[in-house]
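Just below is one structure, and these are the notes that go with it.
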Amino acid sequence: MPILNYLRTNKAEFKIEILAGLTVALALVPEAVAFAFVAGVQPLVGLYAAFLICLITSIFGGRPGMISGATGALAVVMVSLVSAHGVEYLFSAVVLMGLLQVLMGLLKLGKFIRLVPEPVILGFVNGLAIVIFLAQLTQFKTLDTNGVVVWLSGIPLLMMAGFIALTMIIIFGLPKLTKAIPSSLAAILIVSGIVIGFNIDTKTVGDLASIKGGFPIFSIPNVPFNFETLKIIFPYSLILACVGLIESLLTLTLVDELTETRGQSNRECIAQGAANIVTGFFGGMGGCAMIGQSIINVTSGARGRLSGLSASIFLLVFILFASNLIEMIPVAALVGVMFVVCIGTFEWTSIQFIQHIPKSDAFVIVLVTGMTVAFDLAVAVIAGVIASSLVFSWESAKRIRVRKSTTDEGHKLYEVWGPLFFASTTAFQEKFTPHEDPREIIVDFLDSRIADHSGLEAVQKLTDRYLKIGKTVRLRHLSPDCRRLLKNAGSMVEVNIIEDPHYSVAVEVNP
């Protein structure tokens, strides 16, 4: 019986993973085509990237359930390279991008994603939800009889809006009746059936571009292999590598929270890099993790690697054999799915608690959200981390405290609390009164720590102030790392350290 139950469970999970993969594959098609247009390349270049990157990262990546493919964050960086030098230079840049990402993974730089504060992640999630929403608005445009792009109006607009609304109603309502099939997939199939069955004239995937093609073919990028080519592609590759990993690792963090599991960031870096190397040699535009499709996958119940693997295989099948059927799917159904993704992605609770959190955190959330929409993800995250770091430094600097007293020997005792680093040195200096103190003072660092070279300089300047008027400064209760800093500084810092054999320091051990 336990074996039979295990098999039934696996069969149920298998069904969920396969259907989730099909849903993701359907959602990948218009996104890949749209991002290919943004980058200035042919639709198949985006579709091949979606297939290969999704396939490789699903098998070897560090976050089961996460979906990767061609993305808008990378497409906006690629367009200038393509317009200036052509698509072959893009392929070579994607290969170099992958090599850089593999190197970052081997150097274990993925762990630094832990340094991204929660307000930055909230801002990133909210900003990306808005970006996904705004990207869907392009589907409300069409060409008039003169070939000019105009907004839909009249009956076509009502039809589009109506089918989007129907799609969203099905997605929200179906789970209350049954969970046998992912509601997103059911919505796409139902709306497509209505449009095709009643021969309703509305915008379809085929109106965007033809997705018919063959199997991707291996090809070495047709560029000169010299230093001039490297000078051209390296800046783009470096930016693409950083943007791709930032988006991938932040998406990994989000999927971790949704599934209450933990992915492997460094392994994901290596897998993303390997996927981009392969993609560059097979005519793809490169890519990274996709938050929208990842959320569709996870909310459909998928938790393993099979969903991503099946999504990539379904996408290849669409390209090779089923392009005519896929091109009949109404765009409104896919837009409706992405609108639901936007609603699920946006952290609505952040609006409620933004009044109850520190103003600095609220500012960072709004800053990152706005910059994600106005610029791009990498700029927004970097700006958010810098802003959070500055706020933390300022708040930490205000924690420096000094208590003054006199010892039995008549020495002046200064007991210091709080970290002594670049932001707190001014406040530290202001606590001392050399002209009012006796000939010898003791500075006790039992509850403090010299954190950087600025802290050492502050100690040096303090001793200089006392030496100039013939007085002596002695340091007591320095932690081992502070002593190492002083030892490394050598003759740069001249202080007297009071040895205390009865004093021991608790050293923090990294897990």
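Order determines the names: the first chain of the structure tokens is A, the second B, and so forth; residues in each chain are numbered 1 upward, and ligands are numbered 1 upward as they are shown.
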Write out as a VMD selection string which residues come within 12 Å of Gly410 in chain A when counting only C-alpha atoms, dropping same-chain ones fewer than 5 positions away. chain A and resid 405 437 to 442
Can you write out as JSON lines which residues of range 286-341 of chain A fall within 10 Å of range 151-169 of chain A, alongside each residue's closest atom pair and its distance in Å to one decimal, counting only C-alpha atoms and ordering rows by chain and ascending residue number?
{"residue": "A:Pro330", "atom": "CA", "partner": "A:Phe163", "partner_atom": "CA", "distance": 8.6}
{"residue": "A:Val331", "atom": "CA", "partner": "A:Met160", "partner_atom": "CA", "distance": 8.2}
{"residue": "A:Ala332", "atom": "CA", "partner": "A:Ile164", "partner_atom": "CA", "distance": 5.0}
{"residue": "A:Ala333", "atom": "CA", "partner": "A:Thr167", "partner_atom": "CA", "distance": 5.7}
{"residue": "A:Leu334", "atom": "CA", "partner": "A:Ile164", "partner_atom": "CA", "distance": 8.1}
{"residue": "A:Val335", "atom": "CA", "partner": "A:Ile164", "partner_atom": "CA", "distance": 6.5}
{"residue": "A:Gly336", "atom": "CA", "partner": "A:Ile164", "partner_atom": "CA", "distance": 4.5}
{"residue": "A:Val337", "atom": "CA", "partner": "A:Met168", "partner_atom": "CA", "distance": 6.7}
{"residue": "A:Met338", "atom": "CA", "partner": "A:Met168", "partner_atom": "CA", "distance": 9.3}
{"residue": "A:Phe339", "atom": "CA", "partner": "A:Met168", "partner_atom": "CA", "distance": 7.8}
{"residue": "A:Val340", "atom": "CA", "partner": "A:Met168", "partner_atom": "CA", "distance": 6.5}
List every residue of range 9-167 of chain A that DSSP, applied to the backbone of this structure, assigns to helix (DSSP H, G or I), and report them as a short mmCIF file (atom, residue, chain, number, x, y, z; two decimals) with C-alpha atoms, in the first residue's frame.
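File produced: selection05.cif:
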data_model
loop_
_atom_site.label_atom_id
_atom_site.label_comp_id
_atom_site.auth_asym_id
_atom_site.auth_seq_id
_atom_site.Cartn_x
_atom_site.Cartn_y
_atom_site.Cartn_z
CA THR A 9 1.40 10.76 -5.59
CA ASN A 10 4.10 10.73 -8.26
CA LYS A 11 1.47 10.33 -10.98
CA ALA A 12 -0.43 13.33 -9.63
CA GLU A 13 2.74 15.39 -9.43
CA PHE A 14 3.70 14.29 -12.94
CA LYS A 15 0.37 15.53 -14.28
CA ILE A 16 0.69 18.86 -12.47
CA GLU A 17 4.24 19.39 -13.74
CA ILE A 18 3.35 18.57 -17.36
CA LEU A 19 0.24 20.79 -17.44
CA ALA A 20 2.11 23.61 -15.72
CA GLY A 21 4.84 23.29 -18.33
CA LEU A 22 2.28 23.51 -21.15
CA THR A 23 0.80 26.64 -19.61
CA VAL A 24 4.22 28.23 -19.30
CA ALA A 25 5.13 27.31 -22.89
CA LEU A 26 2.00 29.04 -24.18
CA ALA A 27 2.84 32.13 -22.16
CA LEU A 28 6.46 32.08 -23.36
CA VAL A 29 5.57 32.44 -27.04
CA PRO A 30 4.30 36.06 -27.16
CA GLU A 31 6.88 37.18 -24.60
CA ALA A 32 9.79 35.74 -26.59
CA VAL A 33 8.48 37.25 -29.82
CA ALA A 34 7.93 40.65 -28.20
CA PHE A 35 11.40 40.73 -26.62
CA ALA A 36 12.98 39.70 -29.93
CA PHE A 37 11.36 42.75 -31.53
CA VAL A 38 12.68 44.93 -28.69
CA ALA A 39 16.21 43.63 -29.29
CA PRO A 43 11.20 36.22 -33.63
CA LEU A 44 12.88 32.82 -33.92
CA VAL A 45 16.00 34.25 -32.26
CA GLY A 46 13.88 34.95 -29.18
CA LEU A 47 12.05 31.63 -29.37
CA TYR A 48 15.28 29.62 -29.67
CA ALA A 49 16.65 31.45 -26.64
CA ALA A 50 13.50 30.67 -24.67
CA PHE A 51 13.72 26.98 -25.59
CA LEU A 52 17.43 26.47 -24.90
CA ILE A 53 17.71 28.55 -21.74
CA CYS A 54 14.55 27.07 -20.24
CA LEU A 55 15.80 23.56 -21.08
CA ILE A 56 19.31 23.89 -19.63
CA THR A 57 18.44 25.86 -16.48
CA SER A 58 15.55 23.51 -15.71
CA ILE A 59 17.89 20.53 -15.75
CA PHE A 60 21.01 22.01 -14.15
CA GLY A 72 12.94 42.42 -21.69
CA ALA A 73 15.59 43.48 -19.15
CA LEU A 74 18.27 42.03 -21.44
CA ALA A 75 16.59 42.99 -24.71
CA VAL A 76 16.82 46.72 -23.97
CA VAL A 77 20.60 46.33 -23.51
CA MET A 78 21.00 44.30 -26.71
CA VAL A 79 19.23 46.63 -29.12
CA SER A 80 22.06 49.16 -29.42
CA LEU A 81 24.61 46.39 -30.11
CA VAL A 82 22.41 44.85 -32.79
CA SER A 83 21.65 48.18 -34.47
CA ALA A 84 25.33 49.19 -34.52
CA HIS A 85 27.07 45.90 -35.37
CA VAL A 87 23.07 40.07 -34.89
CA GLU A 88 26.30 38.03 -35.16
CA TYR A 89 27.96 40.35 -32.66
CA LEU A 90 24.97 39.76 -30.39
CA PHE A 91 25.53 36.00 -30.52
CA SER A 92 29.22 36.42 -29.62
CA ALA A 93 28.29 38.82 -26.81
CA VAL A 94 25.84 36.25 -25.45
CA VAL A 95 28.57 33.58 -25.42
CA LEU A 96 30.92 35.91 -23.53
CA MET A 97 28.06 36.85 -21.21
CA GLY A 98 27.63 33.18 -20.37
CA LEU A 99 31.34 32.73 -19.69
CA LEU A 100 31.28 35.68 -17.28
CA GLN A 101 28.26 34.24 -15.49
CA VAL A 102 29.92 30.84 -15.11
CA LEU A 103 32.99 32.59 -13.70
CA MET A 104 30.82 34.53 -11.23
CA GLY A 105 29.21 31.27 -10.16
CA LEU A 106 32.56 29.52 -9.69
CA LEU A 109 29.41 35.58 -6.06
CA GLY A 110 25.80 34.43 -6.01
CA LYS A 111 25.86 34.49 -2.21
CA PHE A 112 25.96 38.28 -2.32
CA ILE A 113 22.27 38.29 -3.23
CA ARG A 114 21.76 37.86 0.53
CA LEU A 115 23.00 41.44 0.92
CA GLU A 118 13.99 43.34 1.94
CA PRO A 119 12.80 46.86 0.91
CA VAL A 120 14.84 46.51 -2.29
CA ILE A 121 13.27 43.13 -3.03
CA LEU A 122 9.80 44.56 -2.41
CA GLY A 123 10.55 47.48 -4.72
CA PHE A 124 11.90 45.11 -7.36
CA VAL A 125 8.80 42.89 -7.19
CA ASN A 126 6.40 45.83 -7.36
CA GLY A 127 8.34 47.51 -10.15
CA LEU A 128 8.52 44.33 -12.18
CA ALA A 129 4.77 43.79 -11.79
CA ILE A 130 4.20 47.27 -13.22
CA VAL A 131 6.68 46.62 -16.04
CA ILE A 132 4.90 43.36 -16.96
CA PHE A 133 1.58 45.22 -16.95
CA LEU A 134 2.88 48.04 -19.15
CA ALA A 135 4.40 45.50 -21.57
CA GLN A 136 0.96 44.01 -22.15
CA LEU A 137 -0.45 47.37 -23.24
CA THR A 138 1.40 47.07 -26.55
CA GLN A 139 -1.09 44.34 -27.43
CA PHE A 140 -3.79 47.01 -27.48
CA GLY A 154 -14.54 50.47 -30.92
CA ILE A 155 -15.54 46.83 -31.36
CA PRO A 156 -11.97 45.43 -31.54
CA LEU A 157 -11.15 47.09 -28.21
CA LEU A 158 -14.34 45.77 -26.59
CA MET A 159 -13.64 42.26 -27.90
CA MET A 160 -10.08 42.39 -26.59
CA ALA A 161 -11.16 43.68 -23.18
CA GLY A 162 -14.00 41.18 -22.96
CA PHE A 163 -11.81 38.15 -23.63
CA ILE A 164 -9.18 39.42 -21.19
CA ALA A 165 -11.86 39.76 -18.52
CA LEU A 166 -13.20 36.27 -19.30
CA THR A 167 -9.70 34.81 -19.04
#
For Val416 in chain A, work out the shell of residues within 8 Å, counting only C-alpha atoms and skipping chain neighbours fewer than 6 positions away, then give it as a PyMOL selection string. chain A and resi 400-403+443-448
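Among the candidate residues A:Leu249, A:Ile469, A:Ile326, A:Ile319, the one lying nearest to Cys288 in chain A is A:Leu249, with distances computed using only C-alpha atoms.
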Atom pair CA of Gly263 in chain A / CA of Val381 in chain A: separation (Å): 20.3 Å
